[in-house]
file data22.cif (mmCIF, C-alpha atoms)
data_structure
loop_
_atom_site.label_atom_id
_atom_site.label_comp_id
_atom_site.auth_asym_id
_atom_site.auth_seq_id
_atom_site.Cartn_x
_atom_site.Cartn_y
_atom_site.Cartn_z
CA MET A 121 28.54 -73.09 -17.52
CA PRO A 122 28.71 -69.81 -15.59
CA LEU A 123 26.35 -68.25 -18.06
CA PHE A 124 23.53 -70.60 -17.04
CA ASN A 125 24.54 -71.12 -13.43
CA ARG A 126 24.06 -67.68 -11.93
CA SER A 127 23.64 -67.42 -8.19
CA LYS A 128 20.48 -65.88 -6.84
CA LYS A 129 20.67 -62.22 -5.94
CA ARG A 130 20.32 -61.14 -2.38
CA GLY A 131 16.66 -60.49 -1.85
CA ASP A 132 15.43 -63.34 -4.09
CA SER A 133 13.17 -65.64 -2.04
CA SER A 134 11.99 -69.18 -2.29
CA ASP A 135 8.42 -70.31 -2.47
CA ASN A 136 8.18 -70.82 1.29
CA GLY A 137 8.04 -67.02 1.95
CA GLN A 138 11.55 -66.84 3.38
CA ASP A 139 14.61 -64.97 2.16
CA GLN A 140 18.12 -66.42 1.84
CA ASP A 141 18.94 -65.67 5.49
CA GLY A 142 15.93 -67.62 6.65
CA GLY A 143 14.03 -64.56 7.78
CA ARG A 144 10.42 -63.76 7.08
CA LYS A 145 9.99 -62.13 3.67
CA LYS A 146 8.60 -58.60 3.85
CA GLU A 147 5.58 -57.88 1.74
CA LYS A 148 6.07 -55.47 -1.14
CA GLY A 149 5.65 -51.89 0.06
CA SER A 150 5.25 -52.86 3.72
CA TRP A 151 8.20 -50.67 4.75
CA ARG A 152 6.17 -47.60 3.73
CA LYS A 153 3.23 -48.43 5.95
CA PRO A 154 2.85 -45.93 8.85
CA ALA A 155 2.85 -47.19 12.38
CA ASN A 156 -0.41 -48.52 13.72
CA THR A 157 -1.19 -45.56 15.96
CA ALA A 158 -4.31 -43.40 16.26
CA PHE A 159 -2.46 -40.36 14.98
CA LYS A 160 -0.77 -41.92 11.95
CA GLN A 161 -3.80 -44.02 11.02
CA GLN A 162 -6.14 -41.02 11.41
CA ARG A 163 -8.28 -42.50 14.16
CA LEU A 164 -8.16 -39.48 16.48
CA LYS A 165 -11.41 -38.17 17.85
CA ALA A 166 -12.80 -35.39 15.66
CA TRP A 167 -15.88 -33.23 15.53
CA GLN A 168 -17.77 -34.01 12.36
CA PRO A 169 -20.90 -31.85 12.33
CA ILE A 170 -23.86 -32.82 10.21
CA LEU A 171 -25.16 -29.75 8.38
CA THR A 172 -28.90 -29.81 8.82
CA PRO A 173 -31.44 -27.03 8.28
CA LYS A 174 -31.83 -26.68 12.05
CA THR A 175 -28.13 -25.77 12.40
CA VAL A 176 -27.36 -23.97 9.12
CA LEU A 177 -30.33 -21.59 8.96
CA PRO A 178 -29.93 -20.14 12.50
CA THR A 179 -26.21 -19.74 11.85
CA LEU A 180 -26.88 -17.68 8.72
CA PHE A 181 -29.39 -15.53 10.60
CA ILE A 182 -26.95 -14.92 13.47
CA ILE A 183 -24.07 -13.95 11.17
CA GLY A 184 -26.31 -11.59 9.23
CA ILE A 185 -27.61 -9.96 12.43
CA ILE A 186 -24.04 -9.48 13.73
CA PHE A 187 -22.60 -8.09 10.48
CA ALA A 188 -25.35 -5.49 9.98
CA PRO A 189 -24.57 -3.31 13.04
CA ILE A 190 -20.82 -3.69 12.51
CA GLY A 191 -21.18 -2.42 8.96
CA GLY A 192 -23.44 0.42 10.04
CA LEU A 193 -20.93 1.44 12.71
CA LEU A 194 -18.06 1.48 10.21
CA VAL A 195 -20.07 3.54 7.71
CA TRP A 196 -20.97 6.00 10.46
CA GLY A 197 -17.32 6.30 11.52
CA SER A 198 -16.27 7.01 7.94
CA SER A 199 -19.00 9.65 7.61
CA LEU A 200 -17.30 11.70 10.36
CA VAL A 201 -14.26 12.31 8.14
CA SER A 202 -13.90 15.23 5.71
CA GLU A 203 -11.57 14.82 2.75
CA MET A 204 -10.74 17.34 0.01
CA THR A 205 -8.72 16.42 -3.09
CA PHE A 206 -7.28 18.98 -5.52
CA ASP A 207 -5.80 17.64 -8.77
CA TYR A 208 -3.12 20.09 -9.95
CA THR A 209 -1.63 17.87 -12.69
CA THR A 210 -2.52 20.27 -15.50
CA CYS A 211 -1.29 23.37 -13.72
CA TRP A 212 1.82 23.10 -15.93
CA ASN A 213 -0.35 23.59 -18.99
CA GLN A 214 -2.05 26.81 -17.88
CA SER A 215 -1.05 30.19 -19.23
CA VAL A 216 1.74 31.79 -17.21
CA SER A 217 0.58 34.57 -14.90
CA THR A 218 2.31 37.89 -15.45
CA SER A 219 3.02 38.59 -11.77
CA LEU A 220 2.22 37.39 -8.27
CA THR A 221 -0.22 40.26 -7.86
CA ASN A 222 -2.03 39.39 -11.08
CA LEU A 223 -2.46 35.62 -11.01
CA THR A 224 -4.70 34.08 -13.67
CA PHE A 225 -6.90 31.55 -11.90
CA THR A 226 -8.80 28.84 -13.77
CA SER A 227 -11.01 25.96 -12.66
CA MET A 228 -9.38 22.69 -11.65
CA PRO A 229 -10.44 19.06 -11.01
CA TYR A 230 -11.41 18.47 -7.38
CA THR A 231 -13.35 16.21 -5.04
CA TYR A 232 -15.03 17.11 -1.74
CA ASN A 233 -16.00 14.13 0.45
CA LEU A 234 -17.31 15.98 3.47
CA ARG A 235 -18.62 14.58 6.72
CA SER A 236 -22.35 13.93 6.85
CA SER A 237 -23.07 17.08 8.89
CA ASP A 238 -21.58 19.26 6.11
CA SER A 239 -23.09 17.43 3.15
CA GLY A 240 -25.66 20.14 2.45
CA LYS A 241 -23.28 23.09 2.48
CA THR A 242 -22.42 25.06 -0.65
CA ILE A 243 -18.94 24.46 -2.05
CA THR A 244 -17.09 27.13 -3.99
CA PRO A 245 -15.16 25.36 -6.79
CA PRO A 246 -11.39 25.63 -6.24
CA THR A 247 -9.11 27.28 -8.81
CA PHE A 248 -5.40 27.27 -9.59
CA ALA A 249 -2.88 29.54 -11.30
CA TYR A 250 0.55 28.88 -12.79
CA TYR A 251 3.51 31.22 -12.27
CA TYR A 252 7.08 30.88 -13.51
CA ASN A 253 9.86 32.73 -11.70
CA ASP A 254 13.16 32.58 -13.56
CA LEU A 255 15.02 34.25 -10.66
CA ALA A 256 13.99 31.66 -8.05
CA PRO A 257 16.07 28.60 -7.09
CA GLU A 258 15.88 25.69 -9.49
CA ASP A 259 13.41 23.72 -7.36
CA GLN A 260 11.09 26.76 -6.95
CA LYS A 261 10.81 28.10 -10.50
CA HIS A 262 7.46 26.45 -11.30
CA SER A 263 4.70 27.51 -8.89
CA CYS A 264 1.07 26.49 -8.69
CA TYR A 265 -1.25 28.55 -6.49
CA ILE A 266 -4.42 26.76 -5.39
CA ASP A 267 -7.40 28.67 -3.96
CA PHE A 268 -9.94 26.54 -2.11
CA THR A 269 -12.66 26.80 0.51
CA VAL A 270 -13.03 25.03 3.84
CA VAL A 271 -16.78 24.94 4.44
CA SER A 272 -16.62 24.29 8.21
CA ASP A 273 -14.11 24.15 11.03
CA LEU A 274 -11.93 21.05 10.94
CA ALA A 275 -10.77 19.94 14.36
CA ALA A 276 -7.22 18.70 14.81
CA PRO A 277 -5.58 16.56 13.73
CA VAL A 278 -5.59 17.71 10.10
CA PHE A 279 -3.41 15.87 7.59
CA GLN A 280 -1.82 16.90 4.31
CA TYR A 281 -1.18 14.18 1.72
CA TYR A 282 -0.02 13.92 -1.85
CA LYS A 283 -1.79 11.47 -4.16
CA LEU A 284 -0.40 9.80 -7.27
CA THR A 285 -2.22 7.67 -9.83
CA ASN A 286 -0.97 5.17 -12.41
CA PHE A 287 2.35 4.85 -10.54
CA TYR A 288 3.21 1.18 -10.04
CA GLN A 289 5.47 1.08 -7.00
CA ASN A 290 4.66 -2.62 -6.69
CA ASN A 291 6.66 -3.55 -9.80
CA ARG A 292 8.98 -6.45 -8.94
CA ARG A 293 12.20 -4.82 -10.15
CA TYR A 294 11.24 -1.48 -8.67
CA VAL A 295 10.58 -2.91 -5.21
CA GLN A 296 13.96 -4.69 -5.15
CA SER A 297 15.92 -1.70 -6.45
CA LEU A 298 17.77 -0.63 -3.29
CA ASP A 299 20.77 -1.57 -1.19
CA THR A 300 20.01 -1.98 2.51
CA SER A 301 23.66 -1.97 3.55
CA GLN A 302 24.20 1.37 1.85
CA LEU A 303 21.07 2.86 3.46
CA GLN A 304 22.25 1.72 6.90
CA GLY A 305 25.50 3.66 6.59
CA SER A 306 27.90 1.04 5.31
CA TYR A 307 30.45 1.78 2.61
CA VAL A 308 29.57 -0.16 -0.54
CA SER A 309 32.14 0.09 -3.32
CA PRO A 310 31.03 1.07 -6.82
CA SER A 311 32.12 -2.33 -8.16
CA THR A 312 29.88 -4.09 -5.63
CA LEU A 313 26.94 -1.83 -6.43
CA SER A 314 27.32 -2.56 -10.12
CA SER A 315 26.24 -6.15 -9.51
CA SER A 316 23.50 -5.32 -6.98
CA ASN A 317 19.75 -4.84 -7.31
CA CYS A 318 20.29 -1.10 -7.76
CA ASN A 319 21.06 -1.50 -11.45
CA PRO A 320 20.70 0.47 -13.68
CA LEU A 321 21.07 3.24 -11.09
CA SER A 322 23.98 1.89 -9.09
CA THR A 323 26.82 3.94 -10.59
CA ASN A 324 27.06 6.86 -13.01
CA ALA A 325 28.92 7.02 -16.32
CA ASP A 326 32.18 7.81 -14.48
CA GLY A 327 31.93 4.72 -12.31
CA LYS A 328 31.02 6.61 -9.13
CA ALA A 329 28.55 5.16 -6.64
CA ILE A 330 25.07 6.67 -6.47
CA TYR A 331 23.85 7.38 -2.94
CA PRO A 332 21.17 6.39 -2.30
CA CYS A 333 21.11 4.01 -5.24
CA GLY A 334 18.19 2.38 -6.98
CA LEU A 335 14.96 3.23 -8.75
CA ILE A 336 12.93 3.91 -5.60
CA ALA A 337 15.26 6.57 -4.25
CA ASN A 338 15.77 8.17 -7.65
CA SER A 339 12.02 8.61 -8.21
CA VAL A 340 11.24 10.18 -4.82
CA PHE A 341 8.39 12.69 -4.90
CA ASN A 342 9.91 16.20 -4.91
CA ASP A 343 6.96 18.60 -5.16
CA THR A 344 6.74 20.79 -2.06
CA PHE A 345 3.65 22.24 -0.38
CA SER A 346 3.42 25.34 1.76
CA GLY A 347 1.10 25.96 4.66
CA PHE A 348 -2.31 27.56 4.12
CA THR A 349 -2.57 31.33 3.88
CA SER A 350 -5.81 33.27 4.26
CA SER A 351 -6.94 36.88 4.34
CA ASP A 352 -9.64 36.04 6.91
CA ASN A 353 -7.86 33.60 9.22
CA PRO A 354 -4.34 33.12 10.58
CA ASN A 355 -1.93 31.06 8.53
CA TYR A 356 -2.24 27.33 9.07
CA ASP A 357 1.04 25.41 9.06
CA PHE A 358 1.86 21.72 8.99
CA SER A 359 4.67 19.88 10.74
CA GLN A 360 7.01 17.68 8.71
CA SER A 361 7.91 15.46 11.67
CA GLY A 362 5.95 12.48 12.91
CA ILE A 363 4.68 11.66 9.41
CA ALA A 364 6.52 8.32 9.09
CA TRP A 365 6.04 5.15 11.11
CA PRO A 366 8.26 5.10 14.21
CA GLY A 367 10.21 2.04 13.07
CA GLU A 368 11.09 3.46 9.66
CA ALA A 369 14.01 5.56 10.95
CA LYS A 370 15.78 2.40 12.15
CA LYS A 371 16.24 1.32 8.52
CA TYR A 372 18.49 4.30 7.76
CA SER A 373 21.70 5.82 9.08
CA ALA A 374 22.24 9.44 10.07
CA THR A 375 25.65 9.40 8.38
CA SER A 376 26.69 7.99 5.04
CA GLY A 377 29.41 5.43 4.51
CA TYR A 378 30.89 7.71 1.85
CA THR A 379 31.75 10.59 4.19
CA ASN A 380 35.47 9.92 3.75
CA ASN A 381 35.14 8.98 0.07
CA LEU A 382 33.36 11.95 -1.46
CA ASP A 383 35.25 11.50 -4.73
CA GLU A 384 33.48 8.13 -5.19
CA VAL A 385 29.86 9.16 -4.68
CA VAL A 386 27.24 11.27 -6.50
CA PRO A 387 23.52 12.00 -5.89
CA PRO A 388 20.82 10.20 -7.87
CA PRO A 389 20.13 11.81 -11.28
CA ASN A 390 16.68 13.09 -10.30
CA TRP A 391 17.99 14.71 -7.12
CA VAL A 392 19.92 17.36 -9.02
CA LEU A 393 17.52 20.16 -8.00
CA ARG A 394 18.06 19.59 -4.27
CA TYR A 395 21.55 18.09 -4.32
CA PRO A 396 23.61 19.13 -7.34
CA SER A 397 26.65 17.35 -5.87
CA TYR A 398 28.15 16.07 -2.64
CA SER A 399 30.85 18.68 -2.22
CA ASN A 400 31.38 18.01 1.49
CA ALA A 401 30.20 15.67 4.21
CA SER A 402 27.44 18.04 5.36
CA SER A 403 25.91 18.11 1.89
CA ILE A 404 25.04 14.38 2.03
CA PRO A 405 21.41 14.02 3.21
CA ASN A 406 20.56 12.60 6.61
CA LEU A 407 18.16 9.83 5.62
CA GLN A 408 17.35 9.01 9.23
CA GLU A 409 15.67 12.41 9.66
CA ASP A 410 14.14 12.72 6.18
CA GLU A 411 10.66 11.34 6.85
CA HIS A 412 9.42 12.24 3.36
CA PHE A 413 12.10 9.94 1.96
CA GLN A 414 11.18 7.21 4.43
CA ASN A 415 7.51 7.37 3.42
CA TRP A 416 8.43 7.13 -0.23
CA MET A 417 10.72 4.14 0.30
CA ARG A 418 7.81 2.29 1.89
CA THR A 419 6.38 1.24 -1.45
CA ALA A 420 2.64 1.17 -2.12
CA GLY A 421 0.81 -1.96 -3.19
CA LEU A 422 -1.58 -0.27 -5.65
CA PRO A 423 -1.00 2.16 -8.54
CA THR A 424 -3.19 4.81 -6.87
CA PHE A 425 -1.89 5.79 -3.44
CA THR A 426 -1.51 8.66 -0.99
CA LYS A 427 1.44 9.39 1.25
CA LEU A 428 1.48 11.66 4.26
CA TYR A 429 3.27 14.98 3.71
CA GLY A 430 2.42 17.04 6.81
CA ARG A 431 0.22 17.12 9.89
CA ASN A 432 -1.17 19.56 12.44
CA ASP A 433 -2.13 17.89 15.71
CA THR A 434 -2.94 20.99 17.76
CA ALA A 435 -4.84 23.71 15.90
CA THR A 436 -8.32 23.69 14.37
CA LEU A 437 -8.53 24.66 10.70
CA PRO A 438 -11.22 27.41 10.65
CA ALA A 439 -13.74 27.65 7.85
CA GLY A 440 -12.82 30.16 5.15
CA GLN A 441 -10.97 30.79 1.91
CA TYR A 442 -7.36 29.57 1.74
CA GLN A 443 -4.46 29.47 -0.66
CA VAL A 444 -1.63 26.93 -0.84
CA LEU A 445 1.56 27.22 -2.85
CA VAL A 446 2.93 24.16 -4.65
CA TYR A 447 6.43 24.11 -6.14
CA MET A 448 6.12 21.67 -9.04
CA ASN A 449 9.10 19.48 -9.91
CA TYR A 450 7.61 16.01 -10.26
CA PRO A 451 6.55 14.99 -13.80
CA VAL A 452 3.55 12.67 -14.07
CA GLN A 453 2.02 13.39 -17.46
CA GLY A 454 4.71 11.41 -19.25
CA TYR A 455 3.30 8.14 -17.89
CA LYS A 456 -0.33 9.36 -17.96
CA GLY A 457 -0.53 9.78 -14.21
CA THR A 458 -1.97 12.48 -12.00
CA LYS A 459 -0.89 14.20 -8.79
CA SER A 460 -3.12 15.79 -6.20
CA LEU A 461 -3.07 17.56 -2.86
CA VAL A 462 -5.30 15.89 -0.28
CA ILE A 463 -6.50 17.48 2.97
CA SER A 464 -8.17 15.13 5.41
CA THR A 465 -9.27 14.64 8.99
CA VAL A 466 -9.59 11.32 10.81
CA SER A 467 -12.04 9.61 13.13
CA TRP A 468 -11.83 6.58 15.39
CA ILE A 469 -11.92 4.39 12.27
CA GLY A 470 -9.10 6.26 10.54
CA GLY A 471 -9.41 8.04 7.19
CA LYS A 472 -12.27 8.22 4.72
CA ASN A 473 -13.04 4.61 3.73
CA PRO A 474 -16.73 3.66 3.59
CA PHE A 475 -16.05 0.53 1.52
CA LEU A 476 -15.36 -1.74 4.51
CA GLY A 477 -18.61 -0.75 6.21
CA TRP A 478 -20.70 -1.27 3.10
CA ALA A 479 -18.97 -4.62 2.54
CA TYR A 480 -20.18 -5.76 5.98
CA VAL A 481 -23.69 -4.52 5.19
CA ALA A 482 -23.72 -6.33 1.84
CA ALA A 483 -22.48 -9.54 3.45
CA SER A 484 -25.19 -9.23 6.09
CA CYS A 485 -27.87 -8.89 3.41
CA VAL A 486 -26.56 -11.95 1.58
CA PHE A 487 -26.57 -14.09 4.74
CA VAL A 488 -30.07 -13.02 5.73
CA PHE A 489 -31.35 -13.62 2.18
CA LEU A 490 -29.87 -17.12 2.12
CA ALA A 491 -31.35 -17.83 5.54
CA LEU A 492 -34.82 -16.68 4.46
CA ALA A 493 -34.65 -18.60 1.18
CA GLY A 494 -33.53 -21.74 2.99
CA THR A 495 -36.27 -21.38 5.59
CA ILE A 496 -38.99 -21.00 2.95
CA ARG A 497 -37.63 -23.97 1.02
CA HIS A 498 -37.53 -26.08 4.18
CA LEU A 499 -41.09 -25.19 5.16
CA LEU A 500 -42.59 -25.76 1.72
CA LYS A 501 -40.71 -28.90 0.77
CA PRO A 502 -38.87 -30.40 3.73
CA ARG A 503 -36.43 -33.23 3.28
CA ARG A 504 -36.17 -36.05 5.78
CA LEU A 505 -32.63 -36.36 7.14
CA GLY A 506 -30.82 -39.45 5.88
CA ASP A 507 -33.48 -40.40 3.31
CA MET A 508 -31.70 -43.08 1.27
CA THR A 509 -34.36 -43.01 -1.44
CA LEU A 510 -33.11 -39.61 -2.57
CA LEU A 511 -29.77 -41.05 -3.66
CA SER A 512 -29.36 -41.05 -7.41
CA TRP A 513 -28.82 -44.80 -7.69
CA ASN A 514 -31.97 -45.51 -5.67
CA ARG A 515 -34.32 -43.46 -7.83
#
call {"tool": "encode", "arguments": {"input": "data22.cif", "output": "structure tokens"}}
result
Amino acid sequence: MPLFNRSKKRGDSSDNGQDQDGGRKKEKGSWRKPANTAFKQQRLKAWQPILTPKTVLPTLFIIGIIFAPIGGLLVWGSSLVSEMTFDYTTCWNQSVSTSLTNLTFTSMPYTYNLRSSDSGKTITPPTFAYYYNDLAPEDQKHSCYIDFTVVSDLAAPVFQYYKLTNFYQNNRRYVQSLDTSQLQGSYVSPSTLSSSNCNPLSTNADGKAIYPCGLIANSVFNDTFSGFTSSDNPNYDFSQSGIAWPGEAKKYSATSGYTNNLDEVVPPPNWVLRYPSYSNASSIPNLQEDEHFQNWMRTAGLPTFTKLYGRNDTATLPAGQYQVLVYMNYPVQGYKGTKSLVISTVSWIGGKNPFLGWAYVAASCVFVFLALAGTIRHLLKPRRLGDMTLLSWNR
């Protein structure tokens, strides 16, 4: 019967090791075996060092000896930098001064990290005063005047930064909240933006496109700092150009793709102080020249960060008493953050950052300690290389 007379399937073999076609039967799994070559069978020549005390201990000593001067050099380079930080977060909360000629100054949080040659000099604590001018433009109504002291001459270049804390620019949705085509000058329709990464700041309630769209652009830092004024020294001004990386301008277009469609575009909600509306083509910002915007769009990796606001590459900042005017528009107390003005110089190592140097010094100490401990252990209780009696199953 057909039920009990089934033919053998292709691949079934007889007991003589041959298949139905008479060929040699392949062993199970043999088709997965790599070719018998030195590379595929891992028989290439390789350096397999044997770690013995005679090789490990000198290596630890050498690394420790090399790291120590490198760390000392980095610490010395950082000690050449002077950095002054003035936290004006609570300037909003001070009593309003009656007039510009009768400012009410109070103490403020600050930090002076001076170069080593100025470490012994006396520092006059800085102060700040709050003034509200109802007749000024909207973005200049709230003023904070900061009085501070420069204890010694600071050679150019001198940099002006703003510092924010507890601001997480590295949030995943925040980092992705932009439209590169729009920033590069292309016209992106409101319907297309509605389904882009810019949500929820892609279009307004009327269905008009926001330019530039997204959370990053909408939250751009909009406090402004003046140059330094002094009764003893000439005014010290900072340039707003050359503060962004050279390649940043290539990411943006000088003209917007909405120049001929002004009825379809509006500024971001938080830009209302600077750009109430885009009434004509000239009122749309030139993002290729706005280096403050470019610095902000380059998101920071940590919640505490500084971004360059201005620089002076030519003039020395003389020692003396100075005053700087800050127009306050950027709220930070709502998310328990702080904002500060930072004045800094640089050295061949860059800004003030002694951590890297001390990290090298600490690593050097660890390597030398391990080398000394290993040497003492080897001298007191040496172990013969390849002693099979020390194996656990031979004890």
call {"tool": "residues_around", "arguments": {"input": "data22.cif", "residues": "A:Thr495", "least_positions_apart": "4", "cutoff": "8 Å", "atoms": "only C-alpha atoms", "output": "PDB file with C-alpha atoms, in the frame of the given file"}}
result
ATOM      1  CA  PRO A 173     -31.440 -27.030   8.280  1.00  0.00           C
ATOM      2  CA  LEU A 177     -30.330 -21.590   8.960  1.00  0.00           C
ATOM      3  CA  ALA A 491     -31.350 -17.830   5.540  1.00  0.00           C
ATOM      4  CA  LEU A 499     -41.090 -25.190   5.160  1.00  0.00           C
TER       5      LEU A 499
END
call {"tool": "closest_residue", "arguments": {"input": "data22.cif", "among": "A:Asn355, A:Gln260, A:Thr436, A:Asn253", "to": "A:Met448", "atoms": "all atoms listed in the file"}}
result
A:Gln260
call {"tool": "residues_around", "arguments": {"input": "data22.cif", "residues": "A:Gly494", "least_positions_apart": "4", "cutoff": "12 Å", "atoms": "all atoms listed in the file", "output": "PDB file with C-alpha atoms, in the coordinates of the input"}}
result
ATOM      1  CA  THR A 172     -28.900 -29.810   8.820  1.00  0.00           C
ATOM      2  CA  PRO A 173     -31.440 -27.030   8.280  1.00  0.00           C
ATOM      3  CA  LYS A 174     -31.830 -26.680  12.050  1.00  0.00           C
ATOM      4  CA  THR A 175     -28.130 -25.770  12.400  1.00  0.00           C
ATOM      5  CA  VAL A 176     -27.360 -23.970   9.120  1.00  0.00           C
ATOM      6  CA  LEU A 177     -30.330 -21.590   8.960  1.00  0.00           C
ATOM      7  CA  PRO A 178     -29.930 -20.140  12.500  1.00  0.00           C
ATOM      8  CA  THR A 179     -26.210 -19.740  11.850  1.00  0.00           C
ATOM      9  CA  LEU A 180     -26.880 -17.680   8.720  1.00  0.00           C
ATOM     10  CA  PHE A 181     -29.390 -15.530  10.600  1.00  0.00           C
ATOM     11  CA  PHE A 487     -26.570 -14.090   4.740  1.00  0.00           C
ATOM     12  CA  VAL A 488     -30.070 -13.020   5.730  1.00  0.00           C
ATOM     13  CA  PHE A 489     -31.350 -13.620   2.180  1.00  0.00           C
ATOM     14  CA  LEU A 490     -29.870 -17.120   2.120  1.00  0.00           C
ATOM     15  CA  HIS A 498     -37.530 -26.080   4.180  1.00  0.00           C
ATOM     16  CA  LEU A 499     -41.090 -25.190   5.160  1.00  0.00           C
ATOM     17  CA  LEU A 500     -42.590 -25.760   1.720  1.00  0.00           C
ATOM     18  CA  LYS A 501     -40.710 -28.900   0.770  1.00  0.00           C
ATOM     19  CA  PRO A 502     -38.870 -30.400   3.730  1.00  0.00           C
ATOM     20  CA  ARG A 503     -36.430 -33.230   3.280  1.00  0.00           C
TER      21      ARG A 503
END
call {"tool": "atom_distance", "arguments": {"input": "data22.cif", "atom1": "atom CA of A:Ser467", "atom2": "atom CA of A:Pro277"}}
result
9.5 Å
call {"tool": "residues_around", "arguments": {"input": "data22.cif", "residues": "A:Cys264", "least_positions_apart": "3", "cutoff": "9 Å", "atoms": "only C-alpha atoms", "output": "ChimeraX atom specification"}}
result
/A:208,211-212,248-252,444-448
call {"tool": "atom_distance", "arguments": {"input": "data22.cif", "atom1": "atom CA of A:Pro246", "atom2": "atom CA of A:Ser272"}}
result
15.4 Å
call {"tool": "resolve_selection", "arguments": {"input": "data22.cif", "expression": "the PyMOL selection byres ((chain A and resi 441) around 10)", "output": "VMD selection string"}}
result
chain A and resid 244 246 267 to 271 348 to 353 438 to 440 442 to 443
call {"tool": "resolve_selection", "arguments": {"input": "data22.cif", "expression": "the PyMOL selection byres ((chain A and resi 433) around 6)", "output": "VMD selection string"}}
result
chain A and resid 276 to 277 432 434
call {"tool": "atom_distance", "arguments": {"input": "data22.cif", "atom1": "atom CA of A:Trp468", "atom2": "atom CA of A:Ser202"}}
result
13.1 Å
call {"tool": "resolve_selection", "arguments": {"input": "data22.cif", "expression": "the PyMOL selection byres ((chain A and resi 296) around 9)", "output": "JSON, numbers by chain"}}
result
{"A": [291, 292, 293, 294, 295, 297, 298, 299, 317, 318, 334, 335, 336]}
call {"tool": "write_last_selection", "arguments": {"input": "data22.cif", "atoms": "C-alpha atoms", "output": "PDB file, keeping the file's coordinate frame"}}
result
ATOM      1  CA  ASN A 291       6.660  -3.550  -9.800  1.00  0.00           C
ATOM      2  CA  ARG A 292       8.980  -6.450  -8.940  1.00  0.00           C
ATOM      3  CA  ARG A 293      12.200  -4.820 -10.150  1.00  0.00           C
ATOM      4  CA  TYR A 294      11.240  -1.480  -8.670  1.00  0.00           C
ATOM      5  CA  VAL A 295      10.580  -2.910  -5.210  1.00  0.00           C
ATOM      6  CA  SER A 297      15.920  -1.700  -6.450  1.00  0.00           C
ATOM      7  CA  LEU A 298      17.770  -0.630  -3.290  1.00  0.00           C
ATOM      8  CA  ASP A 299      20.770  -1.570  -1.190  1.00  0.00           C
ATOM      9  CA  ASN A 317      19.750  -4.840  -7.310  1.00  0.00           C
ATOM     10  CA  CYS A 318      20.290  -1.100  -7.760  1.00  0.00           C
ATOM     11  CA  GLY A 334      18.190   2.380  -6.980  1.00  0.00           C
ATOM     12  CA  LEU A 335      14.960   3.230  -8.750  1.00  0.00           C
ATOM     13  CA  ILE A 336      12.930   3.910  -5.600  1.00  0.00           C
TER      14      ILE A 336
END
call {"tool": "residues_around", "arguments": {"input": "data22.cif", "residues": "A:Thr426", "least_positions_apart": "2", "cutoff": "9 Å", "atoms": "all atoms listed in the file", "output": "list in words"}}
result
Tyr281, Tyr282, Lys283, Leu284, Thr285, Ala420, Thr424, Leu428, Ser460 and Val462 of chain A
call {"tool": "residues_around", "arguments": {"input": "data22.cif", "residues": "A:Ser376", "least_positions_apart": "5", "cutoff": "8 Å", "atoms": "only C-alpha atoms", "output": "list of chain:residue names"}}
result
A:Gln302, A:Leu303, A:Gln304, A:Gly305, A:Ser306, A:Tyr307, A:Ile404, A:Asn406
call {"tool": "closest_residue", "arguments": {"input": "data22.cif", "among": "A:Ser316, A:Thr218, A:Asn449, A:Thr224", "to": "A:Ile266", "atoms": "only C-alpha atoms"}}
result
A:Thr224
call {"tool": "closest_residue", "arguments": {"input": "data22.cif", "among": "A:Ile330, A:Arg394, A:Ile183, A:Phe475", "to": "A:Ser314", "atoms": "all atoms listed in the file"}}
result
A:Ile330
call {"tool": "residues_near_point", "arguments": {"input": "data22.cif", "point": "(22.1, 10.6, -5.1)", "cutoff": "10 Å", "atoms": "all atoms listed in the file", "output": "MDAnalysis selection string"}}
result
chainID A and resid 321:323 329:334 337:338 385:392 394:398 404:405
call {"tool": "closest_residue", "arguments": {"input": "data22.cif", "among": "A:Ser263, A:Gln360, A:Ser346, A:Asn473", "to": "A:Gly197", "atoms": "all atoms listed in the file"}}
result
A:Asn473
